[in-house]
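Below: one structure, written as structure tokens.
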Amino acid sequence: MNIKELKKLVSDMSLEEKALQLTQYPVYELDEKTEAVVTGLCDLGGIDREVLWRTGTILNAPNGETAQSIRKTRRGKGIADPFPFMLDVIHGYRTIYPVPLAMACTFNTALIEDCAELAATEASCDGVDVTFSPMVDLGRDARWGRVMEGAGEDPYWSGEVGKAMIRGYHRGGIACCVKHFAGYGAAEAGREYNTTDISERNLREYYLRAYRACLKEQPEMFMSSFNLLNGKPILGHKEIMLDLLRKEWGFNGVVISDFGAVEELYEHGYCETGRDCARVAIESGLDIEMGSSVYASYLPELVRTGVVSEERLDEAVLRVLELKNKLGMYENPDRFTDIQKRDEVTLSESGRALSRRAVEEGSVLLKNDGVLPLKESAKIALVGPFADEHEIIGNWAGKGRIEESVTVKEGVESLLQKNVPYERGCSWKLFETDESGFEEAEHICAQADMIVACVGEHMMNSGEAHSRADIRIPEIQRKFIMRLHELEKPLVLVVFGGRPLGLSEIEEFADAILYVWQPGTEGGNGIANLLYGKATPCGKTVMSFPRSSGQCPIYYNCFTTGRPKKQDMPSALSGEEWRTGYDDEYNSPLYPFGYGLSYTEFEYSDFKLSAAKMKRGEKIVASVKLKNVGKRDGYETAQWYIHDLFASIVRPVKELKGYEKIFLKAGEEKRVYFEITEEMLKFYTDGGKYAAETGAFELYVGGNSRDCLKTNFELVD
Ligand code: NOJ
């Protein structure tokens with residue numbers, strides 16, 4: 001359809017029909033027959049089936065057959081025809097790959113893109129039109145459960161990951177939605193849905209950067225977030241929703257609220273009535289209301305009485321129709337639904353292989369005192385609550401099925417082609433106290449050469465509404481690990497988590513720690529390959545690992561203070577007084593941003609710059625020799641950081657500006673190049689300009705944000 005025809009559709013609608021176009025209800029069950037039965041939250045709004053079928057879009061999706069039959073019966077029958085199904089396809093649809101945080105640790109945008117395409121293909125063939133992804137909220141606080149959905153603490157890298165996901169979704173035939181706009185990741189103390197207070201500069205430089213970067217790939221939608229920002233709910237923030245997103249950034253796609261957020265304007269103490277919630281949201285630029293019925297209840301009357309202009313209403317409705325048009329749904333409402341193809345692509349061997357590769361590249365080897373990789377001849381005992389657990393696919397696992405995942409035990413046994421001794425030892429539950437399984441586990445460990453213990457956090461202890469005040473591995477498992485340690489056998493910990501967990505208490509008792517996040521359907525196979533060296537670890541963590549909850553939020557791109565400590569130690573131990581830090585804790589994280597070991601080793605040397613001075617508008621090139629000095633082939637991610645030493649607004653101690661993931665055979669050496677541009681040196685200066693200031697800069701290169709080579713250069717006029 002052309003724009004004229006779409007506008008005609010809008011003008012033919014009644015006010016009630018327009019309001020329903022802007023209303024999205026969740027449908028948790030649609031029966032196999034064409035007449036759908038609505039269950040779940042819809043009942044709350046008093047919505048009957050007839051009304052539901054007149055809404056513009058649907059939250060959640062049935063399967064392809066039902067989607068097809070619903071669309072067929074709807075065809076030509078109502079103004080709402082056609083309607084898209086929107087679903088949270090976050091890290092896979094049926095073939096689940098590791099959670100987004102783990103995917104970001106791969107530092108492989110091609111792989112991220114391929115995985116997103118796989119998810120989109122499986123989903124679109126099964127009737128899904130739009131996914132609510134990518135989530136690019138900055139994740140600096142490990143207490144916040146939703147860090148698992150994002151790409152970690154670096155704004156540049158979050159943007160790169162978000163862009164790759166969008167490209168993949170588009171390749172796979174679905175539209176997508178950047179979320180949660182804006183600043184949601186800064187929730188106070190990591191408490192879910194909580195207040196954020198972020199200065200404009202901080203917002204622009206750190207929190208907004210990834211959302212903005214995503215615009216380059218033309219996402220169809222943006223989702224507003226739940227949080228208050230500087231005292232106002234986002235849905236009341238014209239400055240963010242209209243002035244910034246629409247006017248300054250020029251986004252012209254659909255803006256949808258998060259679930260129930262329009263109604264929550266009341267809970268926030270911002271709007272006194274439902275009617276006012278509707279007025280505020282539409283005036284702030286919101287198009288679709290998700291999960292509540294405030295628009296449907298009040299918009300027609302607000303327009304009739306002249307409080308809200310019909311023009312504004314029409315603008316929002318037109319955007320929704322334009323989205324459907326872009327999806328090709330007016331020509332063919334079922335353009336991508338394809339049952340035969342779905343059955344071929346779903347959980348296909350190639351999809352599983354891709355997901356397995358993501359496990360291999362996204363897992364992070366945090367420690368290895370020479371015990372990994374395991375020898376196939378070694379007699380291992382496999383213990384711990386996640387050793388034979390299928391619930392490792394991660395939160396927000398689309399239509400993934402727990403029982404379709406491969407456990408570590410299954411993966412190891414299929415690799416070794418034999419059974420391995422296994423005992424669970426204890427449960428993963430947070431407040432578990434039952435130690436009765438310890439003894440059996442100790443018994444099999446005593447007979448083995450080495451112990452592989454699969455421990456950590458259950459997949460439902462991270463994600464939406466799953467913040468944690470204590471980010472350590474649950475107490476029962478810490479006790480279990482201590483008991484295993486007492487057996488004096490080499491101890492390998494395979495750690496599951498949707499966030500970087502606080503590992504400092506157990507770290508010293510482990511001979512190796514492989515951090516596998518929530519690895520998805522192919523978890524057990526990917527982990528087995530890593531443990532036995534069929535794959536070499538190369539993941540680099542995109543969140544600093546706090547030593548304790550008390551360090552949160554902690555991130556590498558922070559500022560120094562006027563009183564930095566001379567040595568990184570708790571003051572009570574070092575005796576250093578009146579310095580920045582804690583009496584009882586280190587300032588540094590246990591493992592820094594960008595950290596991750598391999599089974600081989602890399603050496604950086606001969607760090608050079610093409611010139612020590614860089615003129616405005618020109619470029620200089622840095623390079624470094626990177627050598628694989630170990631005995632195995634492997635990937636290394638060389639990371640480039642810049643520090644602006646003195647500026648009108650103090651700059652972070654390091655900022656990631658580029659990276660290169662390189663494959664080097666054992667003994668091989670390559671020179672890695674990095675071009676420095678003036679653009680990279682820009683920030684919001686004291687005068688409010690986005691510009692680079694002349695003066696001295698430090699340039700770092702290394703395999704993580706802590707252990708780097710350093711050189712200096714100068715920007716001159
Ligand atoms: C609430 C979540 O915050 C959001 O991320 C998700 O997309 C919606 N619910 C829809 O499920």
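Identifiers for the structure tokens are assigned positionally: chains receive A, B, ... in sequence, residues are indexed from 1 per chain, and ligands are indexed from 1 in the order shown.
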### Message
Give me the residues near Leu709 (chain A) as a ChimeraX atom specification, where near means some atom within 12 Å (using only C-alpha atoms) and where sequence neighbours in that chain fewer than 3 positions away do not count.
### Response
/A:603-608,622-626,638-642,698-706,712
### Query
Tell me, which residues of region 1-208 of chain A carry DSSP strand (DSSP E), written as a ChimeraX atom specification?
/A:23-26,57-59,85-87,130-131,175-181
Take the selection from the previous step and output its residues with N, CA and C atoms, as a tab-separated table (two decimals), in the first residue's frame.
```
chain	number	residue	atom	x	y	z
A	23	THR	N	-3.63	-0.27	20.97
A	23	THR	CA	-3.74	-1.07	22.19
A	23	THR	C	-3.21	-2.47	21.94
A	24	GLN	N	-2.32	-2.92	22.82
A	24	GLN	CA	-1.79	-4.28	22.64
A	24	GLN	C	-2.02	-5.08	23.92
A	25	TYR	N	-2.80	-6.14	23.76
A	25	TYR	CA	-3.07	-7.01	24.89
A	25	TYR	C	-2.26	-8.28	24.78
A	26	PRO	N	-1.97	-8.86	25.94
A	26	PRO	CA	-1.26	-10.14	25.90
A	26	PRO	C	-2.25	-11.28	25.76
A	57	THR	N	-2.40	-4.91	17.29
A	57	THR	CA	-1.31	-5.88	17.35
A	57	THR	C	-1.55	-6.77	18.55
A	58	ILE	N	-0.87	-7.91	18.59
A	58	ILE	CA	-1.06	-8.85	19.70
A	58	ILE	C	0.28	-9.12	20.37
A	59	LEU	N	0.27	-9.13	21.69
A	59	LEU	CA	1.47	-9.51	22.43
A	59	LEU	C	1.47	-11.02	22.63
A	85	PHE	N	1.84	-10.40	15.26
A	85	PHE	CA	2.12	-11.00	16.56
A	85	PHE	C	3.52	-10.57	16.99
A	86	MET	N	3.57	-10.08	18.21
A	86	MET	CA	4.87	-9.61	18.72
A	86	MET	C	5.27	-10.44	19.93
A	87	LEU	N	6.52	-10.83	19.97
A	87	LEU	CA	6.97	-11.75	21.02
A	87	LEU	C	8.39	-11.41	21.46
A	130	VAL	N	7.25	-9.61	14.98
A	130	VAL	CA	8.11	-8.60	15.61
A	130	VAL	C	8.70	-9.18	16.89
A	131	THR	N	9.97	-8.90	17.14
A	131	THR	CA	10.55	-9.28	18.43
A	131	THR	C	10.85	-8.03	19.26
A	175	ALA	N	10.59	-7.87	12.23
A	175	ALA	CA	10.88	-6.50	12.66
A	175	ALA	C	11.34	-6.57	14.12
A	176	CYS	N	11.94	-5.48	14.60
A	176	CYS	CA	12.44	-5.54	15.97
A	176	CYS	C	12.27	-4.23	16.71
A	177	CYS	N	12.58	-4.28	17.99
A	177	CYS	CA	12.24	-3.18	18.88
A	177	CYS	C	13.39	-2.94	19.86
A	178	VAL	N	13.98	-1.79	19.80
A	178	VAL	CA	15.08	-1.45	20.71
A	178	VAL	C	14.48	-1.06	22.06
A	179	LYS	N	15.05	-1.60	23.13
A	179	LYS	CA	14.49	-1.32	24.44
A	179	LYS	C	15.59	-1.26	25.48
A	180	HIS	N	15.33	-0.80	26.69
A	180	HIS	CA	14.14	-0.12	27.20
A	180	HIS	C	14.54	1.32	27.33
A	181	PHE	N	13.92	2.15	26.59
A	181	PHE	CA	14.32	3.53	26.43
A	181	PHE	C	13.69	4.40	27.52
```
### Message
I'd like the contact shell of region 203-214 of chain A - 8 Å cut-off, only C-alpha atoms, skipping same-chain residues fewer than 3 positions apart - returned as a VMD selection string.
### Response
chain A and resid 136 to 138 154 to 160 162 to 163 166 178 to 179 181 to 183 198 to 200 217 to 219 249 683 to 684
Residues from last step as file, N, CA, C and O atoms, as an mmCIF file, in the first residue's frame:
```
data_model
loop_
_atom_site.group_PDB
_atom_site.id
_atom_site.type_symbol
_atom_site.label_atom_id
_atom_site.label_comp_id
_atom_site.auth_asym_id
_atom_site.auth_seq_id
_atom_site.Cartn_x
_atom_site.Cartn_y
_atom_site.Cartn_z
ATOM 1 N N VAL A 136 19.389 -2.874 24.983
ATOM 2 C CA VAL A 136 20.744 -2.310 25.039
ATOM 3 C C VAL A 136 20.933 -1.409 26.256
ATOM 4 O O VAL A 136 21.688 -0.442 26.218
ATOM 5 N N ASP A 137 20.235 -1.736 27.337
ATOM 6 C CA ASP A 137 20.426 -0.962 28.573
ATOM 7 C C ASP A 137 21.811 -1.249 29.135
ATOM 8 O O ASP A 137 22.222 -2.407 29.220
ATOM 9 N N LEU A 138 22.479 -0.204 29.528
ATOM 10 C CA LEU A 138 23.831 -0.370 30.066
ATOM 11 C C LEU A 138 23.771 -1.163 31.370
ATOM 12 O O LEU A 138 22.953 -0.874 32.237
ATOM 13 N N ASP A 154 29.791 -1.514 28.689
ATOM 14 C CA ASP A 154 30.410 -0.542 27.791
ATOM 15 C C ASP A 154 29.413 -0.008 26.759
ATOM 16 O O ASP A 154 28.797 -0.788 26.027
ATOM 17 N N PRO A 155 29.277 1.319 26.676
ATOM 18 C CA PRO A 155 28.267 1.873 25.757
ATOM 19 C C PRO A 155 28.574 1.625 24.286
ATOM 20 O O PRO A 155 27.669 1.334 23.500
ATOM 21 N N TYR A 156 29.838 1.704 23.924
ATOM 22 C CA TYR A 156 30.191 1.485 22.515
ATOM 23 C C TYR A 156 29.882 0.029 22.120
ATOM 24 O O TYR A 156 29.237 -0.243 21.111
ATOM 25 N N TRP A 157 30.335 -0.877 22.965
ATOM 26 C CA TRP A 157 30.150 -2.295 22.631
ATOM 27 C C TRP A 157 28.671 -2.682 22.656
ATOM 28 O O TRP A 157 28.193 -3.447 21.812
ATOM 29 N N SER A 158 27.908 -2.118 23.598
ATOM 30 C CA SER A 158 26.467 -2.394 23.638
ATOM 31 C C SER A 158 25.821 -1.994 22.318
ATOM 32 O O SER A 158 24.957 -2.696 21.790
ATOM 33 N N GLY A 159 26.244 -0.867 21.785
ATOM 34 C CA GLY A 159 25.692 -0.398 20.508
ATOM 35 C C GLY A 159 26.059 -1.344 19.374
ATOM 36 O O GLY A 159 25.232 -1.677 18.519
ATOM 37 N N GLU A 160 27.297 -1.811 19.363
ATOM 38 C CA GLU A 160 27.730 -2.726 18.290
ATOM 39 C C GLU A 160 26.932 -4.035 18.337
ATOM 40 O O GLU A 160 26.532 -4.573 17.314
ATOM 41 N N GLY A 162 23.920 -4.456 19.716
ATOM 42 C CA GLY A 162 22.535 -4.151 19.336
ATOM 43 C C GLY A 162 22.389 -4.080 17.818
ATOM 44 O O GLY A 162 21.454 -4.648 17.238
ATOM 45 N N LYS A 163 23.345 -3.432 17.176
ATOM 46 C CA LYS A 163 23.281 -3.292 15.711
ATOM 47 C C LYS A 163 23.351 -4.663 15.032
ATOM 48 O O LYS A 163 22.624 -4.943 14.086
ATOM 49 N N ILE A 166 20.048 -6.436 15.288
ATOM 50 C CA ILE A 166 19.022 -5.889 14.381
ATOM 51 C C ILE A 166 19.249 -6.406 12.950
ATOM 52 O O ILE A 166 18.319 -6.846 12.269
ATOM 53 N N VAL A 178 13.985 -1.790 19.796
ATOM 54 C CA VAL A 178 15.083 -1.445 20.707
ATOM 55 C C VAL A 178 14.484 -1.062 22.058
ATOM 56 O O VAL A 178 13.521 -0.306 22.122
ATOM 57 N N LYS A 179 15.052 -1.600 23.128
ATOM 58 C CA LYS A 179 14.489 -1.318 24.442
ATOM 59 C C LYS A 179 15.594 -1.257 25.480
ATOM 60 O O LYS A 179 16.716 -1.664 25.183
ATOM 61 N N PHE A 181 13.919 2.146 26.592
ATOM 62 C CA PHE A 181 14.321 3.529 26.429
ATOM 63 C C PHE A 181 13.690 4.396 27.516
ATOM 64 O O PHE A 181 12.477 4.493 27.563
ATOM 65 N N ALA A 182 14.434 4.991 28.434
ATOM 66 C CA ALA A 182 15.877 5.114 28.443
ATOM 67 C C ALA A 182 16.400 5.125 29.871
ATOM 68 O O ALA A 182 15.710 5.557 30.778
ATOM 69 N N GLY A 183 17.616 4.575 29.992
ATOM 70 C CA GLY A 183 18.328 4.659 31.264
ATOM 71 C C GLY A 183 17.939 3.610 32.286
ATOM 72 O O GLY A 183 18.406 3.636 33.419
ATOM 73 N N ILE A 198 19.930 10.524 36.433
ATOM 74 C CA ILE A 198 21.082 10.568 35.532
ATOM 75 C C ILE A 198 21.173 11.970 34.931
ATOM 76 O O ILE A 198 20.197 12.471 34.376
ATOM 77 N N SER A 199 22.335 12.574 35.047
ATOM 78 C CA SER A 199 22.487 13.923 34.490
ATOM 79 C C SER A 199 22.414 13.834 32.965
ATOM 80 O O SER A 199 22.621 12.766 32.387
ATOM 81 N N GLU A 200 22.165 14.964 32.332
ATOM 82 C CA GLU A 200 22.030 14.929 30.880
ATOM 83 C C GLU A 200 23.326 14.459 30.217
ATOM 84 O O GLU A 200 23.318 13.671 29.279
ATOM 85 N N GLU A 217 20.742 0.925 12.078
ATOM 86 C CA GLU A 217 20.252 -0.283 11.406
ATOM 87 C C GLU A 217 18.732 -0.265 11.213
ATOM 88 O O GLU A 217 18.121 -1.269 10.888
ATOM 89 N N GLN A 218 18.149 0.891 11.466
ATOM 90 C CA GLN A 218 16.723 1.099 11.217
ATOM 91 C C GLN A 218 15.781 0.093 11.875
ATOM 92 O O GLN A 218 15.009 -0.610 11.197
ATOM 93 N N PRO A 219 15.827 0.043 13.192
ATOM 94 C CA PRO A 219 14.846 -0.789 13.895
ATOM 95 C C PRO A 219 13.462 -0.184 13.686
ATOM 96 O O PRO A 219 13.336 1.032 13.521
ATOM 97 N N TRP A 249 16.856 12.797 17.097
ATOM 98 C CA TRP A 249 17.371 11.582 16.455
ATOM 99 C C TRP A 249 16.574 11.192 15.208
ATOM 100 O O TRP A 249 16.980 10.317 14.450
ATOM 101 N N PHE A 683 33.537 14.279 23.076
ATOM 102 C CA PHE A 683 32.659 14.095 24.235
ATOM 103 C C PHE A 683 31.862 15.397 24.404
ATOM 104 O O PHE A 683 32.092 16.368 23.675
ATOM 105 N N TYR A 684 30.942 15.412 25.353
ATOM 106 C CA TYR A 684 30.166 16.629 25.585
ATOM 107 C C TYR A 684 30.985 17.545 26.487
ATOM 108 O O TYR A 684 31.124 17.298 27.677
#
```
## Note on the structure
Min atom-atom distance to Glu122 (chain A) from the set A:Pro82, A:Gly92, A:Pro570, A:Gly236, counting only C-alpha atoms, belongs to A:Gly92
With only C-alpha atoms and all ligand atoms counted and 8 Å as the cut-off, give the residues of chain A in contact with ligand 1, each with its shortest interatomic distance in Å and the pair that gives it, as a tab-separated table.
```
residue	atom	partner	partner_atom_place_in_ligand_line	distance
A:Leu59	CA	ligand 1	10 (C)	7.1
A:Asn60	CA	ligand 1	11 (O)	7.6
A:Leu87	CA	ligand 1	11 (O)	6.7
A:Asp88	CA	ligand 1	7 (O)	5.5
A:Phe132	CA	ligand 1	7 (O)	5.0
A:Ser133	CA	ligand 1	7 (O)	7.3
A:Met135	CA	ligand 1	5 (O)	7.5
A:Lys179	CA	ligand 1	5 (O)	7.0
A:His180	CA	ligand 1	5 (O)	6.9
A:Met223	CA	ligand 1	7 (O)	7.8
A:Ser225	CA	ligand 1	3 (O)	7.3
A:Phe226	CA	ligand 1	3 (O)	7.4
A:Asp258	CA	ligand 1	1 (C)	5.5
A:Phe259	CA	ligand 1	9 (N)	4.9
A:Met290	CA	ligand 1	10 (C)	7.9
A:Glu464	CA	ligand 1	3 (O)	6.4
```
Please produce an output containing C-alpha atoms for each residue in the selection, written as a PDB file, in the first residue's frame.
```pdb
ATOM      1  CA  LEU A  59       1.475  -9.513  22.427  1.00  0.00           C
ATOM      2  CA  ASN A  60       2.732 -13.091  22.243  1.00  0.00           C
ATOM      3  CA  LEU A  87       6.969 -11.749  21.021  1.00  0.00           C
ATOM      4  CA  ASP A  88      10.077 -11.567  23.165  1.00  0.00           C
ATOM      5  CA  PHE A 132      11.055  -7.072  21.473  1.00  0.00           C
ATOM      6  CA  SER A 133      14.806  -7.089  21.132  1.00  0.00           C
ATOM      7  CA  MET A 135      17.817  -4.706  24.806  1.00  0.00           C
ATOM      8  CA  LYS A 179      14.489  -1.318  24.442  1.00  0.00           C
ATOM      9  CA  HIS A 180      14.142  -0.124  27.201  1.00  0.00           C
ATOM     10  CA  MET A 223      10.073   0.472  23.740  1.00  0.00           C
ATOM     11  CA  SER A 225      11.122   1.885  29.958  1.00  0.00           C
ATOM     12  CA  PHE A 226       9.490   1.518  33.358  1.00  0.00           C
ATOM     13  CA  ASP A 258       6.511  -1.545  28.347  1.00  0.00           C
ATOM     14  CA  PHE A 259       3.885  -3.827  29.842  1.00  0.00           C
ATOM     15  CA  MET A 290       1.093  -2.526  25.941  1.00  0.00           C
ATOM     16  CA  GLU A 464      13.121  -9.282  34.722  1.00  0.00           C
TER      17      GLU A 464
END
```
### All residues 8 Å or closer to Val371 (chain A), only C-alpha atoms, same chain fewer than 3 positions away omitted, as a list in words
Asn368, Leu374, Pro490, Val492, Asp511 and Ala512 of chain A
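Residues in contact with Met103 (chain A) at up to 10 Å, not including ones fewer than 4 positions away on its chain and judged by only C-alpha atoms, are His91, Tyr97, Pro98, Val99, Phe107, Asn108, Thr109, Leu111, Ile112, Cys115, Met148, Glu149, Gly150, Ala151, Val161, Ser355, Ala358, Val359, Glu361, Gly362, Ser363, Trp517, Pro519, Gly539 and Val542 of chain A.
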Per residue of region 379-441 of chain A within 7 Å of region 457-463 of chain A, note the shortest atom pair and the distance in Å to one decimal, counting only C-alpha atoms, and order the rows by chain and increasing residue number, as a Markdown table.
```
| residue | atom | partner | partner_atom | distance |
| --- | --- | --- | --- | --- |
| A:Glu391 | CA | A:Met459 | CA | 6.7 |
| A:Ile392 | CA | A:Met459 | CA | 6.0 |
| A:Gly394 | CA | A:Met459 | CA | 4.8 |
| A:Asn395 | CA | A:Met459 | CA | 5.6 |
| A:Trp428 | CA | A:His458 | CA | 6.3 |
```
